[in-house]
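File shown here: my_file.txt, holding compact mmCIF, C-alpha atoms.
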```
# COMPACT_ATOMS: atom_id res chain seq x y z
CA GLU A 1 5.82 -19.10 -3.26
CA ALA A 2 2.24 -18.52 -2.15
CA GLY A 3 1.22 -14.92 -1.65
CA VAL A 4 -0.74 -13.20 1.08
CA ALA A 5 -4.20 -14.73 1.28
CA GLN A 6 -7.25 -12.75 2.37
CA SER A 7 -10.89 -13.64 2.77
CA PRO A 8 -13.57 -12.85 2.02
CA ARG A 9 -12.97 -10.85 -1.17
CA TYR A 10 -16.20 -8.93 -0.83
CA LYS A 11 -18.57 -8.22 2.03
CA ILE A 12 -21.74 -6.16 2.27
CA ILE A 13 -23.22 -5.44 5.69
CA GLU A 14 -25.64 -3.02 7.25
CA LYS A 15 -24.42 -0.29 9.57
CA ARG A 16 -24.11 -1.33 13.20
CA GLN A 17 -23.44 -4.95 12.20
CA SER A 18 -20.12 -6.62 12.85
CA VAL A 19 -17.68 -8.07 10.33
CA ALA A 20 -14.38 -9.92 10.38
CA PHE A 21 -11.60 -10.26 7.85
CA TRP A 22 -8.97 -12.94 7.76
CA CYS A 23 -5.37 -12.82 6.53
CA ASN A 24 -2.76 -15.52 6.07
CA PRO A 25 0.67 -13.99 5.43
CA ILE A 26 3.49 -15.45 3.42
CA SER A 27 5.13 -18.30 5.28
CA GLY A 28 8.01 -17.11 7.44
CA HIS A 29 7.03 -13.45 7.39
CA ALA A 30 7.22 -12.09 10.90
CA THR A 31 5.63 -8.72 10.21
CA LEU A 32 1.97 -8.33 9.29
CA TYR A 33 0.11 -5.14 8.43
CA TRP A 34 -3.52 -4.16 7.98
CA TYR A 35 -4.20 -1.17 5.75
CA GLN A 36 -7.46 0.61 5.02
CA GLN A 37 -7.91 2.02 1.52
CA ILE A 38 -10.88 4.32 1.07
CA LEU A 39 -11.97 4.96 -2.51
CA GLY A 40 -9.80 7.64 -4.09
CA GLN A 41 -7.16 7.53 -1.37
CA GLY A 42 -3.94 5.73 -0.73
CA PRO A 43 -3.77 2.91 1.81
CA LYS A 44 -3.53 3.93 5.45
CA LEU A 45 -1.91 1.74 8.05
CA LEU A 46 -4.31 0.55 10.74
CA ILE A 47 -2.13 -1.85 12.68
CA GLN A 48 1.22 -3.59 12.46
CA PHE A 49 2.22 -6.83 14.15
CA GLN A 50 5.67 -8.25 14.74
CA ASN A 51 5.08 -11.95 15.33
CA ASN A 52 2.07 -11.85 17.67
CA GLY A 53 2.83 -8.48 19.26
CA VAL A 54 1.45 -5.09 18.21
CA VAL A 55 4.10 -2.66 16.96
CA ASP A 56 1.88 0.22 15.86
CA ASP A 57 -1.86 0.68 16.24
CA SER A 58 -1.90 4.45 16.51
CA GLN A 59 -4.37 4.86 13.64
CA LEU A 60 -6.70 2.03 14.59
CA PRO A 61 -10.12 3.28 15.78
CA LYS A 62 -10.05 1.16 18.88
CA ASP A 63 -13.63 1.88 19.89
CA ARG A 64 -14.83 -0.24 16.98
CA PHE A 65 -11.83 -1.95 15.37
CA SER A 66 -9.85 -4.81 16.84
CA ALA A 67 -7.20 -7.11 15.47
CA GLU A 68 -5.32 -10.11 16.66
CA ARG A 69 -2.58 -12.34 15.43
CA LEU A 70 -2.66 -15.52 17.42
CA LYS A 71 0.46 -17.69 17.26
CA GLY A 72 2.16 -15.08 15.10
CA VAL A 73 0.75 -16.37 11.81
CA ASP A 74 -2.84 -15.70 10.71
CA SER A 75 -4.56 -12.49 11.64
CA THR A 76 -8.14 -11.33 12.01
CA LEU A 77 -9.41 -7.75 11.78
CA LYS A 78 -12.85 -7.06 13.24
CA ILE A 79 -15.18 -4.10 13.05
CA GLN A 80 -18.01 -3.82 15.57
CA PRO A 81 -20.24 -1.94 15.06
CA ALA A 82 -19.64 -0.87 11.47
CA LYS A 83 -20.30 2.65 10.23
CA LEU A 84 -20.95 3.88 6.72
CA GLU A 85 -17.51 5.48 6.62
CA ASP A 86 -15.88 2.09 7.12
CA SER A 87 -16.65 1.24 3.50
CA ALA A 88 -13.22 0.60 2.03
CA VAL A 89 -10.81 -2.05 0.85
CA TYR A 90 -8.92 -3.68 3.68
CA LEU A 91 -5.48 -4.81 2.62
CA CYS A 92 -3.26 -7.20 4.47
CA ALA A 93 0.47 -7.21 3.86
CA SER A 94 3.44 -9.08 5.26
CA SER A 95 7.19 -8.71 5.26
CA LEU A 96 10.13 -10.74 6.50
CA ARG A 97 10.93 -8.62 9.52
CA GLN A 98 10.76 -5.24 11.08
CA GLY A 99 13.83 -3.19 11.64
CA ALA A 100 15.93 -0.27 10.61
CA ASN A 101 17.22 -2.33 7.72
CA MET A 102 14.53 -1.73 5.15
CA ASN A 103 15.68 -4.35 2.71
CA THR A 104 12.43 -6.15 3.26
CA GLU A 105 9.58 -5.65 0.86
CA ALA A 106 5.95 -5.65 1.97
CA PHE A 107 3.81 -8.06 -0.05
CA PHE A 108 0.12 -7.26 -0.31
CA GLY A 109 -2.93 -9.46 -0.55
CA GLN A 110 -5.80 -8.73 -2.94
CA GLY A 111 -7.84 -7.13 -0.21
CA THR A 112 -11.38 -7.36 1.10
CA ARG A 113 -13.83 -4.84 -0.27
CA LEU A 114 -16.29 -3.86 2.46
CA THR A 115 -19.50 -2.02 1.71
CA VAL A 116 -21.54 -0.74 4.64
CA VAL A 117 -25.13 0.19 3.76
CA ALA B 1 5.37 13.44 10.25
CA GLN B 2 6.08 11.85 6.92
CA SER B 3 3.83 12.57 3.95
CA VAL B 4 3.64 11.97 0.22
CA THR B 5 2.08 14.14 -2.47
CA GLN B 6 1.12 12.89 -5.89
CA PRO B 7 -0.11 16.02 -7.65
CA ASP B 8 -1.64 14.28 -10.66
CA ILE B 9 -4.86 12.41 -9.94
CA HIS B 10 -5.33 11.25 -13.53
CA ILE B 11 -2.93 11.01 -16.45
CA THR B 12 -3.67 9.87 -20.00
CA VAL B 13 -0.93 8.91 -22.42
CA SER B 14 -0.87 7.24 -25.81
CA GLU B 15 0.59 3.79 -26.13
CA GLY B 16 4.25 4.06 -27.00
CA ALA B 17 4.62 7.52 -25.49
CA SER B 18 6.85 8.24 -22.53
CA LEU B 19 5.50 8.55 -19.01
CA GLU B 20 6.46 10.46 -15.90
CA LEU B 21 4.46 10.29 -12.68
CA ARG B 22 5.34 12.83 -10.03
CA CYS B 23 5.90 12.18 -6.37
CA ASN B 24 7.03 14.59 -3.65
CA TYR B 25 7.69 13.52 -0.12
CA SER B 26 8.19 15.10 3.26
CA TYR B 27 10.47 13.33 5.71
CA GLY B 28 12.98 14.47 8.27
CA ALA B 29 15.79 12.13 7.34
CA THR B 30 16.92 10.16 4.32
CA PRO B 31 13.75 8.46 3.19
CA TYR B 32 13.03 5.00 1.99
CA LEU B 33 10.88 5.42 -1.13
CA PHE B 34 8.68 3.04 -3.05
CA TRP B 35 6.43 2.90 -6.07
CA TYR B 36 3.55 0.42 -6.12
CA VAL B 37 1.06 -0.38 -8.87
CA GLN B 38 -2.52 -1.51 -8.31
CA SER B 39 -4.68 -3.01 -11.02
CA PRO B 40 -8.47 -3.11 -10.53
CA GLY B 41 -9.46 -5.61 -7.87
CA GLN B 42 -5.87 -6.45 -7.10
CA GLY B 43 -3.48 -5.78 -4.29
CA LEU B 44 -0.41 -3.60 -4.52
CA GLN B 45 2.63 -4.78 -6.43
CA LEU B 46 6.04 -3.26 -5.81
CA LEU B 47 7.58 -1.68 -8.90
CA LEU B 48 10.79 -0.38 -7.37
CA LYS B 49 12.34 0.96 -4.19
CA TYR B 50 15.07 3.34 -3.10
CA PHE B 51 17.01 2.82 0.11
CA SER B 52 20.41 4.35 -0.58
CA GLY B 53 23.17 4.55 -3.17
CA ASP B 54 22.50 5.22 -6.83
CA THR B 55 19.71 7.75 -7.13
CA LEU B 56 18.41 6.22 -10.36
CA VAL B 57 16.56 3.04 -9.53
CA GLN B 58 15.48 0.39 -12.00
CA GLY B 59 12.34 -1.61 -11.40
CA ILE B 60 10.16 -4.21 -12.99
CA LYS B 61 8.18 -3.83 -16.22
CA GLY B 62 10.65 -1.28 -17.60
CA PHE B 63 10.00 1.38 -14.96
CA GLU B 64 12.64 3.54 -13.33
CA ALA B 65 12.61 6.32 -10.77
CA GLU B 66 15.05 9.02 -9.77
CA PHE B 67 15.55 10.25 -6.22
CA LYS B 68 16.29 13.97 -6.05
CA ARG B 69 16.98 15.07 -2.52
CA SER B 70 17.11 18.77 -3.39
CA GLN B 71 13.59 18.61 -4.80
CA SER B 72 12.22 16.04 -2.35
CA SER B 73 11.02 14.11 -5.35
CA PHE B 74 10.94 10.50 -6.53
CA ASN B 75 9.35 10.58 -9.97
CA LEU B 76 8.50 7.41 -11.84
CA ARG B 77 9.33 7.11 -15.53
CA LYS B 78 8.90 4.73 -18.41
CA PRO B 79 10.20 5.46 -21.91
CA SER B 80 7.42 3.68 -23.80
CA VAL B 81 4.05 2.89 -22.22
CA HIS B 82 2.13 -0.30 -23.02
CA TRP B 83 -1.65 -0.62 -22.83
CA SER B 84 -1.20 -3.10 -19.98
CA ASP B 85 0.37 -0.35 -17.86
CA ALA B 86 -3.05 1.21 -17.28
CA ALA B 87 -3.53 1.04 -13.51
CA GLU B 88 -3.23 3.15 -10.39
CA TYR B 89 0.23 4.04 -9.16
CA PHE B 90 1.11 4.83 -5.58
CA CYS B 91 4.23 6.45 -4.24
CA ALA B 92 5.10 5.67 -0.62
CA VAL B 93 7.68 6.69 1.94
CA GLY B 94 8.87 4.30 4.62
CA SER B 95 9.98 5.16 8.12
CA THR B 96 13.63 4.58 8.86
CA GLY B 97 13.32 4.24 12.59
CA GLY B 98 12.20 0.68 12.42
CA GLY B 99 8.66 -0.55 11.96
CA ASN B 100 8.71 -0.34 8.17
CA LYS B 101 5.56 1.79 8.26
CA LEU B 102 4.57 2.97 4.80
CA THR B 103 2.82 6.28 4.16
CA PHE B 104 1.17 6.37 0.76
CA GLY B 105 0.21 9.17 -1.57
CA THR B 106 -3.31 9.43 -2.95
CA GLY B 107 -2.33 7.73 -6.18
CA THR B 108 -2.27 8.56 -9.90
CA GLN B 109 -4.69 6.81 -12.22
CA LEU B 110 -3.00 6.08 -15.54
CA LYS B 111 -5.08 5.65 -18.68
CA VAL B 112 -3.43 4.46 -21.88
CA GLU B 113 -4.97 5.35 -25.22
CA LEU B 114 -4.45 2.92 -28.06
```
Any chance you could put this one into structure tokens?
Amino acid sequence: EAGVAQSPRYKIIEKRQSVAFWCNPISGHATLYWYQQILGQGPKLLIQFQNNGVVDDSQLPKDRFSAERLKGVDSTLKIQPAKLEDSAVYLCASSLRQGANMNTEAFFGQGTRLTVV
Amino acid sequence: AQSVTQPDIHITVSEGASLELRCNYSYGATPYLFWYVQSPGQGLQLLLKYFSGDTLVQGIKGFEAEFKRSQSSFNLRKPSVHWSDAAEYFCAVGSTGGGNKLTFGTGTQLKVEL
């Protein structure tokens, strides 16, 4: 079974530039998550999709971050304009479904390491 | 709001020694608890999870964890550490109201001395 695919693996940009990350979840996984992991911290959820609808984006800085999941499969996370504090690893994860039944594991991609200079 | 505390930022153990990584959580109901491991440049891999039932949970790679409700803890253990276990370990608590949102601790970096 193929895992969660993310690209690019690394990205370096200057502040105020824009950047986009791509994620392809495991086939058949309805739920997709984007996490931000700043160096020395645990991952923090930015946004969660169920199919192509947003379930939770309460911690997404909406003035500069946006995400979409067209057709309920692939997803793109965009930052515009980037700030120095956006330097982090951006992890995508997917799971079979959302719900009170938590017998569904979240599988993580390798992440995209973003450096803003 | 749910939260997770991992009090040990770094731990060093000798290969073959036993290991215990501490995790304390804060959650208003019965929590769903997880331990993930992250090797350099890699994503997170699930070691084990607790949803209900037996409070001693077995995971992959010889790891186990025990849920103690009275102490709000979910400590990770391994009887004999291998050099390949060197990595960062994250404890996480999942919401039970749907959404499967995970809240992670800050992680414990494990170093294994040969």
Can you tell me which residues surround Thr12 of chain B at a distance of at most 12 Å, considering only C-alpha atoms, apart from same-chain residues fewer than 4 positions away, and format the answer as a compact mmCIF listing (two decimals) with C-alpha atoms, keeping the file's coordinate frame?
```
# COMPACT_ATOMS: atom_id res chain seq x y z
CA ASP B 8 -1.64 14.28 -10.66
CA ALA B 17 4.62 7.52 -25.49
CA SER B 18 6.85 8.24 -22.53
CA LEU B 19 5.50 8.55 -19.01
CA GLU B 20 6.46 10.46 -15.90
CA LEU B 21 4.46 10.29 -12.68
CA VAL B 81 4.05 2.89 -22.22
CA TRP B 83 -1.65 -0.62 -22.83
CA ASP B 85 0.37 -0.35 -17.86
CA ALA B 86 -3.05 1.21 -17.28
CA ALA B 87 -3.53 1.04 -13.51
CA GLU B 88 -3.23 3.15 -10.39
CA THR B 108 -2.27 8.56 -9.90
CA GLN B 109 -4.69 6.81 -12.22
CA LEU B 110 -3.00 6.08 -15.54
CA LYS B 111 -5.08 5.65 -18.68
CA VAL B 112 -3.43 4.46 -21.88
CA GLU B 113 -4.97 5.35 -25.22
CA LEU B 114 -4.45 2.92 -28.06
```
Using all atoms listed in the file, determine which residues of chain A fall within 10 Å of chain B; present them as a short mmCIF file (atom, residue, chain, number, x, y, z; two decimals) with C-alpha atoms, keeping the file's coordinate frame.
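iface-v6.cif written:
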```cif
data_model
loop_
_atom_site.label_atom_id
_atom_site.label_comp_id
_atom_site.auth_asym_id
_atom_site.auth_seq_id
_atom_site.Cartn_x
_atom_site.Cartn_y
_atom_site.Cartn_z
CA VAL A 4 -0.74 -13.20 1.08
CA ARG A 9 -12.97 -10.85 -1.17
CA THR A 31 5.63 -8.72 10.21
CA TYR A 33 0.11 -5.14 8.43
CA TYR A 35 -4.20 -1.17 5.75
CA GLN A 37 -7.91 2.02 1.52
CA ILE A 38 -10.88 4.32 1.07
CA LEU A 39 -11.97 4.96 -2.51
CA GLY A 40 -9.80 7.64 -4.09
CA GLN A 41 -7.16 7.53 -1.37
CA GLY A 42 -3.94 5.73 -0.73
CA PRO A 43 -3.77 2.91 1.81
CA LYS A 44 -3.53 3.93 5.45
CA LEU A 45 -1.91 1.74 8.05
CA ILE A 47 -2.13 -1.85 12.68
CA GLN A 48 1.22 -3.59 12.46
CA PHE A 49 2.22 -6.83 14.15
CA GLN A 50 5.67 -8.25 14.74
CA VAL A 55 4.10 -2.66 16.96
CA ASP A 56 1.88 0.22 15.86
CA VAL A 89 -10.81 -2.05 0.85
CA TYR A 90 -8.92 -3.68 3.68
CA LEU A 91 -5.48 -4.81 2.62
CA CYS A 92 -3.26 -7.20 4.47
CA ALA A 93 0.47 -7.21 3.86
CA SER A 95 7.19 -8.71 5.26
CA ARG A 97 10.93 -8.62 9.52
CA GLN A 98 10.76 -5.24 11.08
CA GLY A 99 13.83 -3.19 11.64
CA ALA A 100 15.93 -0.27 10.61
CA ASN A 101 17.22 -2.33 7.72
CA MET A 102 14.53 -1.73 5.15
CA ASN A 103 15.68 -4.35 2.71
CA THR A 104 12.43 -6.15 3.26
CA GLU A 105 9.58 -5.65 0.86
CA ALA A 106 5.95 -5.65 1.97
CA PHE A 107 3.81 -8.06 -0.05
CA PHE A 108 0.12 -7.26 -0.31
CA GLY A 109 -2.93 -9.46 -0.55
CA GLN A 110 -5.80 -8.73 -2.94
CA GLY A 111 -7.84 -7.13 -0.21
CA THR A 112 -11.38 -7.36 1.10
CA ARG A 113 -13.83 -4.84 -0.27
#
```
Shortest contact to Arg69 of chain B, candidates B:Leu56, B:Ala1, B:Leu47, B:Val13, atoms counted only C-alpha atoms, goes to B:Leu56
Margin query: One decimal, in Å: what's the spacing between atom CA of Glu64 of chain B and atom CA of Ser52 of chain B?
Written below: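 We find that atom CA of Glu64 of chain B and atom CA of Ser52 of chain B lie 15.0 Å from each other.
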**OP:** Grab the atom CA of Thr76 of chain A to atom CA of Gln59 of chain A distance for me, in Å with one decimal place.
**Re:**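 That distance, rounded to one decimal, is 16.7 Å.
Our summary of the geometry notes that atom CA of His82 of chain B is positioned 6.3 Å from atom CA of Gly16 of chain B.
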- Can you work out which one of A:Ile79, A:Leu84, A:Ala5, A:Ala67 has the shortest atom-to-atom distance to Asn24 of chain A, counting only C-alpha atoms?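 Smallest separation from Asn24 of chain A among the options: A:Ala5.
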Judged by all atoms listed in the file, the minimum distance to Val54 of chain A among A:Arg69, A:Lys11, A:His29, A:Lys83 is found for A:Arg69
### Query
Which residue, A:Leu32, A:Phe65, A:Gln17, A:Val116, has the smallest gap to Asp86 of chain A when you use all atoms listed in the file?
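The shortest atom-to-atom distance to Asp86 of chain A comes from A:Val116.
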Of the candidates B:Gln6, B:Thr55, B:Val93, B:Ile11, which one gets nearest to Ser70 of chain B if we count only C-alpha atoms?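 Among the listed residues, B:Thr55 lies closest to Ser70 of chain B.
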Which one is closest to Leu60 of chain A: A:Leu46, A:Gln80, A:Ser75, A:Pro8? Count only C-alpha atoms.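 With only C-alpha atoms as the atom set, the closest residue is A:Leu46.
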Could you list, as a list of chain:residue names, every residue within 6 Å of Lys78 of chain A, counting only C-alpha atoms and ignoring same-chain residues fewer than 6 positions away?
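Contacts, with the query itself left out: A:Val19, A:Ala20, A:Phe65, A:Ser66.
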